[in-house]
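Okay, coords-v4.cif is below, mmCIF, C-alpha atoms:
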```cif
data_run
#
loop_
_atom_site.group_PDB
_atom_site.id
_atom_site.type_symbol
_atom_site.label_atom_id
_atom_site.label_comp_id
_atom_site.auth_asym_id
_atom_site.auth_seq_id
_atom_site.Cartn_x
_atom_site.Cartn_y
_atom_site.Cartn_z
ATOM 1 C CA MET A 18 113.685 115.199 115.123
ATOM 2 C CA ILE A 19 110.725 117.020 116.677
ATOM 3 C CA GLY A 20 107.397 117.789 115.014
ATOM 4 C CA ARG A 21 104.468 119.911 116.069
ATOM 5 C CA ILE A 22 101.411 117.659 116.260
ATOM 6 C CA HIS A 23 97.799 118.793 116.269
ATOM 7 C CA SER A 24 96.269 115.363 116.879
ATOM 8 C CA ILE A 25 96.505 111.650 116.068
ATOM 9 C CA GLU A 26 93.755 109.317 114.889
ATOM 10 C CA THR A 27 94.723 105.685 115.361
ATOM 11 C CA CYS A 28 91.981 104.012 113.300
ATOM 12 C CA GLY A 29 91.365 106.278 110.312
ATOM 13 C CA THR A 30 89.424 104.888 107.367
ATOM 14 C CA VAL A 31 89.118 107.852 104.965
ATOM 15 C CA ASP A 32 92.704 109.045 104.487
ATOM 16 C CA GLY A 33 94.153 106.400 102.217
ATOM 17 C CA PRO A 34 93.726 102.661 101.701
ATOM 18 C CA GLY A 35 92.848 100.360 104.570
ATOM 19 C CA LEU A 36 93.045 101.186 108.250
ATOM 20 C CA ARG A 37 95.328 104.183 108.827
ATOM 21 C CA TYR A 38 97.324 105.704 111.667
ATOM 22 C CA VAL A 39 96.681 109.365 110.847
ATOM 23 C CA ILE A 40 98.836 112.211 112.159
ATOM 24 C CA PHE A 41 97.560 115.766 111.796
ATOM 25 C CA LEU A 42 100.498 118.159 111.824
ATOM 26 C CA GLN A 43 100.277 121.752 112.944
ATOM 27 C CA GLY A 44 100.612 124.722 110.596
ATOM 28 C CA CYS A 45 99.120 125.754 107.258
ATOM 29 C CA LEU A 46 99.647 128.693 104.886
ATOM 30 C CA LEU A 47 96.269 128.413 103.152
ATOM 31 C CA ARG A 48 93.221 130.064 104.660
ATOM 32 C CA CYS A 49 90.480 128.038 103.007
ATOM 33 C CA GLN A 50 87.016 129.493 103.498
ATOM 34 C CA PHE A 51 85.676 126.003 104.105
ATOM 35 C CA CYS A 52 88.440 124.753 106.417
ATOM 36 C CA HIS A 53 87.082 122.485 109.143
ATOM 37 C CA ASN A 54 90.345 122.570 111.137
ATOM 38 C CA PRO A 55 91.319 126.270 111.455
ATOM 39 C CA ASP A 56 92.909 125.338 114.767
ATOM 40 C CA THR A 57 95.715 123.727 112.727
ATOM 41 C CA TRP A 58 96.727 127.001 111.037
ATOM 42 C CA ASP A 59 99.066 128.288 113.765
ATOM 43 C CA VAL A 60 102.555 126.932 113.116
ATOM 44 C CA LYS A 61 103.362 127.308 116.819
ATOM 45 C CA GLY A 62 100.299 125.415 118.039
ATOM 46 C CA GLY A 63 99.896 121.768 118.921
ATOM 47 C CA VAL A 64 102.270 119.689 120.989
ATOM 48 C CA GLU A 65 105.819 118.601 120.298
ATOM 49 C CA LYS A 66 106.556 114.941 119.680
ATOM 50 C CA SER A 67 109.675 113.220 118.445
ATOM 51 C CA VAL A 68 109.857 110.736 115.602
ATOM 52 C CA ALA A 69 110.871 108.112 118.157
ATOM 53 C CA GLU A 70 107.730 108.779 120.218
ATOM 54 C CA ILE A 71 105.513 108.469 117.155
ATOM 55 C CA ILE A 72 107.175 105.226 116.059
ATOM 56 C CA THR A 73 106.847 103.730 119.540
ATOM 57 C CA ASP A 74 103.113 104.451 119.523
ATOM 58 C CA LEU A 75 102.710 103.312 115.911
ATOM 59 C CA LYS A 76 104.187 99.897 116.699
ATOM 60 C CA ASP A 77 101.209 99.131 118.952
ATOM 61 C CA TYR A 78 98.943 99.336 115.885
ATOM 62 C CA LEU A 79 101.063 97.411 113.387
ATOM 63 C CA PRO A 80 98.974 94.219 113.680
ATOM 64 C CA TYR A 81 95.938 96.205 112.527
ATOM 65 C CA ILE A 82 97.384 98.535 109.887
ATOM 66 C CA LYS A 83 100.284 96.697 108.295
ATOM 67 C CA SER A 84 98.416 94.204 106.091
ATOM 68 C CA SER A 85 96.346 96.653 104.031
ATOM 69 C CA GLY A 86 96.632 100.024 105.756
ATOM 70 C CA GLY A 87 99.473 102.261 106.886
ATOM 71 C CA ILE A 88 100.301 105.733 108.114
ATOM 72 C CA THR A 89 98.953 109.008 106.677
ATOM 73 C CA VAL A 90 100.354 112.400 107.619
ATOM 74 C CA SER A 91 97.860 115.207 107.160
ATOM 75 C CA GLY A 92 97.392 118.654 108.613
ATOM 76 C CA GLY A 93 97.426 121.503 108.530
ATOM 77 C CA GLU A 94 100.047 121.173 105.838
ATOM 78 C CA PRO A 95 102.557 118.329 106.340
ATOM 79 C CA LEU A 96 105.088 119.731 103.860
ATOM 80 C CA LEU A 97 105.670 122.659 106.226
ATOM 81 C CA GLN A 98 107.447 120.133 108.473
ATOM 82 C CA ILE A 99 109.216 118.291 105.692
ATOM 83 C CA ASP A 100 112.346 117.416 107.714
ATOM 84 C CA PHE A 101 110.251 115.768 110.417
ATOM 85 C CA LEU A 102 108.109 114.038 107.797
ATOM 86 C CA LEU A 103 111.142 112.701 105.962
ATOM 87 C CA GLU A 104 112.709 111.188 109.073
ATOM 88 C CA LEU A 105 109.356 109.730 110.137
ATOM 89 C CA PHE A 106 108.747 108.036 106.797
ATOM 90 C CA LYS A 107 112.270 106.619 106.697
ATOM 91 C CA GLU A 108 111.578 104.942 110.046
ATOM 92 C CA CYS A 109 108.198 103.720 108.797
ATOM 93 C CA LYS A 110 109.781 102.078 105.764
ATOM 94 C CA LYS A 111 112.118 100.168 108.091
ATOM 95 C CA LEU A 112 108.949 98.659 109.577
ATOM 96 C CA GLY A 113 107.424 97.955 106.177
ATOM 97 C CA VAL A 114 104.590 100.432 106.717
ATOM 98 C CA HIS A 115 102.697 101.978 103.782
ATOM 99 C CA THR A 116 103.181 105.770 103.838
ATOM 100 C CA ALA A 117 100.842 108.475 102.572
ATOM 101 C CA ILE A 118 100.802 112.290 102.626
ATOM 102 C CA ASP A 119 97.563 114.276 102.603
ATOM 103 C CA THR A 120 98.551 117.690 101.257
ATOM 104 C CA SER A 121 97.338 120.863 99.596
ATOM 105 C CA ALA A 122 100.949 121.737 98.654
ATOM 106 C CA GLY A 123 100.402 125.332 99.697
ATOM 107 C CA CYS A 124 104.033 125.712 100.793
ATOM 108 C CA PHE A 125 105.608 124.015 97.760
ATOM 109 C CA ARG A 126 108.426 125.991 96.173
ATOM 110 C CA GLU A 127 110.992 125.269 93.495
ATOM 111 C CA SER A 128 114.122 126.247 95.409
ATOM 112 C CA PRO A 129 116.916 123.686 94.936
ATOM 113 C CA THR A 130 117.055 122.837 98.656
ATOM 114 C CA PHE A 131 113.319 122.288 99.001
ATOM 115 C CA LEU A 132 113.148 120.290 95.772
ATOM 116 C CA ARG A 133 115.905 117.974 96.998
ATOM 117 C CA LYS A 134 113.977 117.358 100.194
ATOM 118 C CA VAL A 135 110.745 116.729 98.296
ATOM 119 C CA GLU A 136 112.415 114.233 95.965
ATOM 120 C CA GLU A 137 113.963 112.405 98.916
ATOM 121 C CA LEU A 138 110.575 112.387 100.653
ATOM 122 C CA LEU A 139 108.847 110.974 97.592
ATOM 123 C CA SER A 140 111.341 108.107 97.558
ATOM 124 C CA VAL A 141 109.853 106.891 100.866
ATOM 125 C CA THR A 142 106.234 107.874 100.107
ATOM 126 C CA ASP A 143 103.837 105.304 98.687
ATOM 127 C CA LEU A 144 100.887 107.620 98.041
ATOM 128 C CA VAL A 145 100.058 111.328 97.884
ATOM 129 C CA LEU A 146 96.522 112.526 98.532
ATOM 130 C CA LEU A 147 96.494 115.908 96.767
ATOM 131 C CA ASP A 148 93.739 118.462 97.274
ATOM 132 C CA ILE A 149 93.160 120.619 94.203
ATOM 133 C CA LYS A 150 90.856 123.353 95.445
ATOM 134 C CA HIS A 151 90.319 125.124 92.118
ATOM 135 C CA LEU A 152 92.082 125.397 88.750
ATOM 136 C CA ASP A 153 91.277 129.082 88.188
ATOM 137 C CA ASN A 154 94.001 131.149 89.869
ATOM 138 C CA ASP A 155 91.813 134.131 90.811
ATOM 139 C CA LEU A 156 89.042 131.945 92.218
ATOM 140 C CA HIS A 157 91.644 129.878 94.066
ATOM 141 C CA LYS A 158 92.918 133.065 95.728
ATOM 142 C CA GLN A 159 89.375 134.019 96.731
ATOM 143 C CA LEU A 160 88.803 130.569 98.175
ATOM 144 C CA THR A 161 92.138 129.992 99.936
ATOM 145 C CA GLY A 162 93.953 133.329 100.143
ATOM 146 C CA MET A 163 96.770 132.066 97.892
ATOM 147 C CA PRO A 164 97.409 131.536 94.154
ATOM 148 C CA ASN A 165 97.616 128.009 92.772
ATOM 149 C CA ALA A 166 100.499 127.988 90.263
ATOM 150 C CA HIS A 167 102.933 126.400 92.731
ATOM 151 C CA ILE A 168 100.333 123.795 93.711
ATOM 152 C CA LEU A 169 99.832 122.754 90.103
ATOM 153 C CA LYS A 170 103.632 122.639 89.727
ATOM 154 C CA PHE A 171 103.710 120.154 92.598
ATOM 155 C CA ALA A 172 101.106 118.048 90.797
ATOM 156 C CA GLU A 173 103.282 118.103 87.692
ATOM 157 C CA LEU A 174 106.306 117.018 89.752
ATOM 158 C CA LEU A 175 104.319 114.078 91.130
ATOM 159 C CA ALA A 176 103.413 113.116 87.576
ATOM 160 C CA GLU A 177 107.044 113.403 86.477
ATOM 161 C CA LYS A 178 108.134 111.142 89.340
ATOM 162 C CA ASN A 179 105.209 108.777 88.666
ATOM 163 C CA THR A 180 104.241 108.958 92.334
ATOM 164 C CA PRO A 181 100.846 107.309 92.961
ATOM 165 C CA VAL A 182 98.258 110.018 93.607
ATOM 166 C CA TRP A 183 94.679 110.340 94.755
ATOM 167 C CA ILE A 184 93.149 113.671 93.750
ATOM 168 C CA ARG A 185 90.620 115.192 96.121
ATOM 169 C CA ARG A 186 88.100 117.947 95.431
ATOM 170 C CA VAL A 187 85.936 119.519 98.103
ATOM 171 C CA LEU A 188 82.619 120.216 96.380
ATOM 172 C CA ILE A 189 81.067 123.519 97.447
ATOM 173 C CA PRO A 190 77.926 124.881 95.775
ATOM 174 C CA GLU A 191 78.645 128.072 93.795
ATOM 175 C CA ARG A 192 82.357 127.800 94.641
ATOM 176 C CA THR A 193 83.889 124.580 93.312
ATOM 177 C CA ASN A 194 81.114 122.853 91.395
ATOM 178 C CA ASP A 195 81.209 124.685 88.071
ATOM 179 C CA PRO A 196 80.832 122.017 85.338
ATOM 180 C CA ASP A 197 83.316 123.686 82.977
ATOM 181 C CA GLU A 198 86.008 123.935 85.641
ATOM 182 C CA LEU A 199 85.374 120.349 86.721
ATOM 183 C CA ALA A 200 85.770 119.240 83.098
ATOM 184 C CA ARG A 201 89.108 121.076 82.921
ATOM 185 C CA LEU A 202 90.133 119.410 86.165
ATOM 186 C CA ASN A 203 89.233 116.043 84.647
ATOM 187 C CA ASP A 204 91.481 116.797 81.658
ATOM 188 C CA PHE A 205 94.291 117.898 83.992
ATOM 189 C CA ILE A 206 93.995 114.675 85.964
ATOM 190 C CA LYS A 207 94.024 112.505 82.850
ATOM 191 C CA ASN A 208 97.134 114.283 81.571
ATOM 192 C CA MET A 209 98.991 113.574 84.828
ATOM 193 C CA GLY A 210 98.981 109.840 84.118
ATOM 194 C CA ASN A 211 99.702 108.783 87.715
ATOM 195 C CA VAL A 212 96.318 109.345 89.380
ATOM 196 C CA GLN A 213 94.896 106.153 90.851
ATOM 197 C CA LYS A 214 91.721 107.597 92.300
ATOM 198 C CA VAL A 215 89.630 110.776 92.327
ATOM 199 C CA GLU A 216 87.508 111.649 95.351
ATOM 200 C CA VAL A 217 84.685 114.181 95.614
ATOM 201 C CA LEU A 218 84.353 115.359 99.208
ATOM 202 C CA PRO A 219 81.020 117.101 99.810
ATOM 203 C CA TYR A 220 81.343 120.363 101.718
ATOM 204 C CA HIS A 221 80.041 120.182 105.296
ATOM 205 C CA LYS A 222 79.550 122.632 108.136
ATOM 206 C CA MET A 223 80.865 120.528 111.008
ATOM 207 C CA GLY A 224 83.869 122.790 111.598
ATOM 208 C CA ILE A 225 81.959 126.050 112.085
ATOM 209 C CA TYR A 226 82.107 125.717 115.869
ATOM 210 C CA LYS A 227 85.922 125.832 115.674
ATOM 211 C CA TRP A 228 85.783 129.170 113.825
ATOM 212 C CA GLU A 229 83.457 130.490 116.525
ATOM 213 C CA HIS A 230 85.698 129.157 119.293
ATOM 214 C CA LEU A 231 88.676 130.964 117.709
ATOM 215 C CA ASN A 232 86.627 134.167 117.301
ATOM 216 C CA LEU A 233 86.936 133.949 113.530
ATOM 217 C CA GLU A 234 84.235 135.053 111.122
ATOM 218 C CA TYR A 235 83.074 132.070 109.078
ATOM 219 C CA PRO A 236 83.114 133.085 105.372
ATOM 220 C CA LEU A 237 80.518 130.621 104.067
ATOM 221 C CA VAL A 238 77.553 131.495 106.266
ATOM 222 C CA GLY A 239 74.412 130.457 104.419
ATOM 223 C CA VAL A 240 76.165 128.017 102.083
ATOM 224 C CA GLU A 241 74.587 124.587 102.318
ATOM 225 C CA PRO A 242 76.227 121.217 101.541
ATOM 226 C CA PRO A 243 75.767 119.983 97.968
ATOM 227 C CA THR A 244 72.783 117.832 97.145
ATOM 228 C CA GLU A 245 73.152 114.185 96.179
ATOM 229 C CA GLU A 246 72.400 115.182 92.604
ATOM 230 C CA GLU A 247 75.191 117.792 92.607
ATOM 231 C CA VAL A 248 77.664 115.255 93.979
ATOM 232 C CA LYS A 249 76.576 112.700 91.388
ATOM 233 C CA ARG A 250 77.008 115.204 88.551
ATOM 234 C CA ALA A 251 80.503 116.157 89.753
ATOM 235 C CA LYS A 252 81.518 112.495 89.929
ATOM 236 C CA GLU A 253 80.251 111.937 86.398
ATOM 237 C CA ILE A 254 82.258 114.900 85.082
ATOM 238 C CA LEU A 255 85.351 113.655 86.910
ATOM 239 C CA SER A 256 84.903 110.171 85.434
ATOM 240 C CA ILE A 257 84.386 108.550 88.848
ATOM 241 C CA PRO A 258 82.634 105.173 88.552
ATOM 242 C CA ALA A 259 79.115 105.193 90.037
ATOM 243 C CA GLU A 260 79.930 102.442 92.559
ATOM 244 C CA SER A 261 82.601 104.590 94.204
#
```
Write the structure described by the file as structure tokens, please.
Amino acid sequence: MIGRIHSIETCGTVDGPGLRYVIFLQGCLLRCQFCHNPDTWDVKGGVEKSVAEIITDLKDYLPYIKSSGGITVSGGEPLLQIDFLLELFKECKKLGVHTAIDTSAGCFRESPTFLRKVEELLSVTDLVLLDIKHLDNDLHKQLTGMPNAHILKFAELLAEKNTPVWIRRVLIPERTNDPDELARLNDFIKNMGNVQKVEVLPYHKMGIYKWEHLNLEYPLVGVEPPTEEEVKRAKEILSIPAES
């Protein structure tokens, strides 16, 4: 099984618990205004690697990641390459490696074939890091170019399957920091019942150079990262303990 790989980070510390072997897959359907990796959008980009090649490389890092870390597959959007992801995670479980998916679920659909693949994938997935960009459908479309109903359906499926989840929210001033919407997100998270952690990720501008390199017009020119006070307020609304 061959996957299209954007890049690999062998000592990741922010994409799941412990030290992680992080694979960034190529391809994404969302066009987030704040995306810091627009070079992952093209489904035909990146380089091809087989599951066997990935596993061979991963084995070199097992002494470092196996005790408290694992492998995280991010993107782009990893669910776009679900067949590759499924075979990869099956091989990882043979090695006793903790598996995590970092997803926005932009390609999730409720067709019987895709649902079967998702359910099989979840059976070999220890953790899902789910980005919820915005609960309001119209504002989600403005922000990402796509509606959010199917993304929230994926969240509901994860809750139904009792799959451990970390919810992530990129906090952007005047875009995703409305207190009322954050309160509704907090209620949504509590109703899921399977969320182990909520993370607020402050918006940053470190990916602007990639937009410029790709001759793309950056949509958030003039938008500054949130202040410490704004981040603190969002964490309080989302019931995140102060020490986190």
Let me know the residues the PyMOL selection byres ((chain A and resi 81-96) around 9) catches in the file above, as a PyMOL selection string. chain A and resi 22-24+28-30+32-47+54-60+75+77-80+97-100+102+106+109+112-125+135+144
I'd like to see the residues matched by the PyMOL selection byres ((chain A and resi 193) around 10) on this file, and ideally I'd get them as an MDAnalysis selection string. chainID A and resid 150:152 156:157 160 186:192 194:196 198:199 220 251
How big is the axis-aligned box around all listed atoms of segment 114-127 of chain A once 4 Å goes on each side, and where's its centre, in Å to one decimal, as lines of an AutoDock Vina configuration file?
```
center_x = 104.2
center_y = 113.2
center_z = 100.1
size_x = 21.7
size_y = 33.6
size_z = 21.2
```
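Picture a line from atom CA of Val248 of chain A to atom CA of Ile184 of chain A; it runs 15.6 Å.
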What does the distance from atom CA of Phe171 of chain A to atom CA of Arg201 of chain A come to in Å, to one decimal? 17.5 Å
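Straight-line separation from atom CA of Ser256 of chain A to atom CA of Thr244 of chain A: 18.5 Å.
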Missing atoms in segment 222-246 of chain A should be modelled up to N, CA, C and O atoms and reported as an mmCIF file, keeping the file's coordinate frame.
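Contents of the output file rebuild13.cif:
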```
data_model
loop_
_atom_site.group_PDB
_atom_site.id
_atom_site.type_symbol
_atom_site.label_atom_id
_atom_site.label_comp_id
_atom_site.auth_asym_id
_atom_site.auth_seq_id
_atom_site.Cartn_x
_atom_site.Cartn_y
_atom_site.Cartn_z
ATOM 1 N N LYS A 222 79.460 121.483 107.232
ATOM 2 C CA LYS A 222 79.550 122.632 108.136
ATOM 3 C C LYS A 222 79.982 122.230 109.545
ATOM 4 O O LYS A 222 79.816 122.997 110.491
ATOM 5 N N MET A 223 80.556 121.046 109.674
ATOM 6 C CA MET A 223 80.865 120.528 111.008
ATOM 7 C C MET A 223 81.992 121.277 111.711
ATOM 8 O O MET A 223 82.176 121.136 112.923
ATOM 9 N N GLY A 224 82.768 122.072 110.967
ATOM 10 C CA GLY A 224 83.869 122.790 111.598
ATOM 11 C C GLY A 224 83.551 124.211 111.998
ATOM 12 O O GLY A 224 84.422 124.922 112.523
ATOM 13 N N ILE A 225 82.300 124.661 111.797
ATOM 14 C CA ILE A 225 81.959 126.050 112.085
ATOM 15 C C ILE A 225 82.210 126.392 113.550
ATOM 16 O O ILE A 225 82.668 127.489 113.884
ATOM 17 N N TYR A 226 81.944 125.427 114.439
ATOM 18 C CA TYR A 226 82.107 125.717 115.869
ATOM 19 C C TYR A 226 83.551 126.063 116.206
ATOM 20 O O TYR A 226 83.824 126.823 117.155
ATOM 21 N N LYS A 227 84.513 125.517 115.416
ATOM 22 C CA LYS A 227 85.922 125.832 115.674
ATOM 23 C C LYS A 227 86.219 127.285 115.299
ATOM 24 O O LYS A 227 86.984 127.962 116.007
ATOM 25 N N TRP A 228 85.630 127.762 114.188
ATOM 26 C CA TRP A 228 85.783 129.170 113.825
ATOM 27 C C TRP A 228 85.235 130.050 114.942
ATOM 28 O O TRP A 228 85.870 131.048 115.320
ATOM 29 N N GLU A 229 84.072 129.698 115.465
ATOM 30 C CA GLU A 229 83.457 130.490 116.525
ATOM 31 C C GLU A 229 84.312 130.467 117.787
ATOM 32 O O GLU A 229 84.494 131.491 118.448
ATOM 33 N N HIS A 230 84.859 129.289 118.097
ATOM 34 C CA HIS A 230 85.698 129.157 119.293
ATOM 35 C C HIS A 230 86.957 130.016 119.176
ATOM 36 O O HIS A 230 87.461 130.539 120.183
ATOM 37 N N LEU A 231 87.463 130.176 117.940
ATOM 38 C CA LEU A 231 88.676 130.964 117.709
ATOM 39 C C LEU A 231 88.365 132.434 117.433
ATOM 40 O O LEU A 231 89.261 133.202 117.085
ATOM 41 N N ASN A 232 87.087 132.794 117.567
ATOM 42 C CA ASN A 232 86.627 134.167 117.301
ATOM 43 C C ASN A 232 86.932 134.601 115.872
ATOM 44 O O ASN A 232 87.306 135.751 115.611
ATOM 45 N N LEU A 233 86.753 133.670 114.948
ATOM 46 C CA LEU A 233 86.936 133.949 113.530
ATOM 47 C C LEU A 233 85.574 134.024 112.848
ATOM 48 O O LEU A 233 84.648 133.291 113.195
ATOM 49 N N GLU A 234 85.484 134.912 111.875
ATOM 50 C CA GLU A 234 84.235 135.053 111.122
ATOM 51 C C GLU A 234 84.179 133.996 110.015
ATOM 52 O O GLU A 234 85.059 133.961 109.150
ATOM 53 N N TYR A 235 83.185 133.149 110.065
ATOM 54 C CA TYR A 235 83.074 132.070 109.078
ATOM 55 C C TYR A 235 82.622 132.639 107.737
ATOM 56 O O TYR A 235 81.561 133.280 107.655
ATOM 57 N N PRO A 236 83.398 132.428 106.654
ATOM 58 C CA PRO A 236 83.114 133.085 105.372
ATOM 59 C C PRO A 236 81.934 132.510 104.589
ATOM 60 O O PRO A 236 81.422 133.170 103.691
ATOM 61 N N LEU A 237 81.531 131.282 104.896
ATOM 62 C CA LEU A 237 80.518 130.621 104.067
ATOM 63 C C LEU A 237 79.176 130.497 104.785
ATOM 64 O O LEU A 237 78.436 129.531 104.572
ATOM 65 N N VAL A 238 78.855 131.490 105.594
ATOM 66 C CA VAL A 238 77.553 131.495 106.266
ATOM 67 C C VAL A 238 76.444 131.463 105.206
ATOM 68 O O VAL A 238 76.465 132.238 104.248
ATOM 69 N N GLY A 239 75.513 130.554 105.366
ATOM 70 C CA GLY A 239 74.412 130.457 104.419
ATOM 71 C C GLY A 239 74.636 129.474 103.295
ATOM 72 O O GLY A 239 73.695 129.136 102.569
ATOM 73 N N VAL A 240 75.873 129.006 103.125
ATOM 74 C CA VAL A 240 76.165 128.017 102.083
ATOM 75 C C VAL A 240 75.834 126.631 102.618
ATOM 76 O O VAL A 240 76.339 126.229 103.679
ATOM 77 N N GLU A 241 75.012 125.912 101.895
ATOM 78 C CA GLU A 241 74.587 124.587 102.318
ATOM 79 C C GLU A 241 75.422 123.508 101.621
ATOM 80 O O GLU A 241 75.976 123.742 100.544
ATOM 81 N N PRO A 242 75.530 122.319 102.208
ATOM 82 C CA PRO A 242 76.227 121.217 101.541
ATOM 83 C C PRO A 242 75.574 120.896 100.198
ATOM 84 O O PRO A 242 74.388 121.173 99.992
ATOM 85 N N PRO A 243 76.339 120.331 99.266
ATOM 86 C CA PRO A 243 75.767 119.983 97.968
ATOM 87 C C PRO A 243 74.723 118.883 98.093
ATOM 88 O O PRO A 243 74.784 118.047 98.996
ATOM 89 N N THR A 244 73.784 118.890 97.171
ATOM 90 C CA THR A 244 72.783 117.832 97.145
ATOM 91 C C THR A 244 73.388 116.554 96.581
ATOM 92 O O THR A 244 74.472 116.574 95.972
ATOM 93 N N GLU A 245 72.696 115.448 96.754
ATOM 94 C CA GLU A 245 73.152 114.185 96.179
ATOM 95 C C GLU A 245 73.274 114.288 94.666
ATOM 96 O O GLU A 245 74.195 113.711 94.070
ATOM 97 N N GLU A 246 72.357 115.026 94.059
ATOM 98 C CA GLU A 246 72.400 115.182 92.604
ATOM 99 C C GLU A 246 73.626 115.975 92.172
ATOM 100 O O GLU A 246 74.276 115.653 91.166
#
```
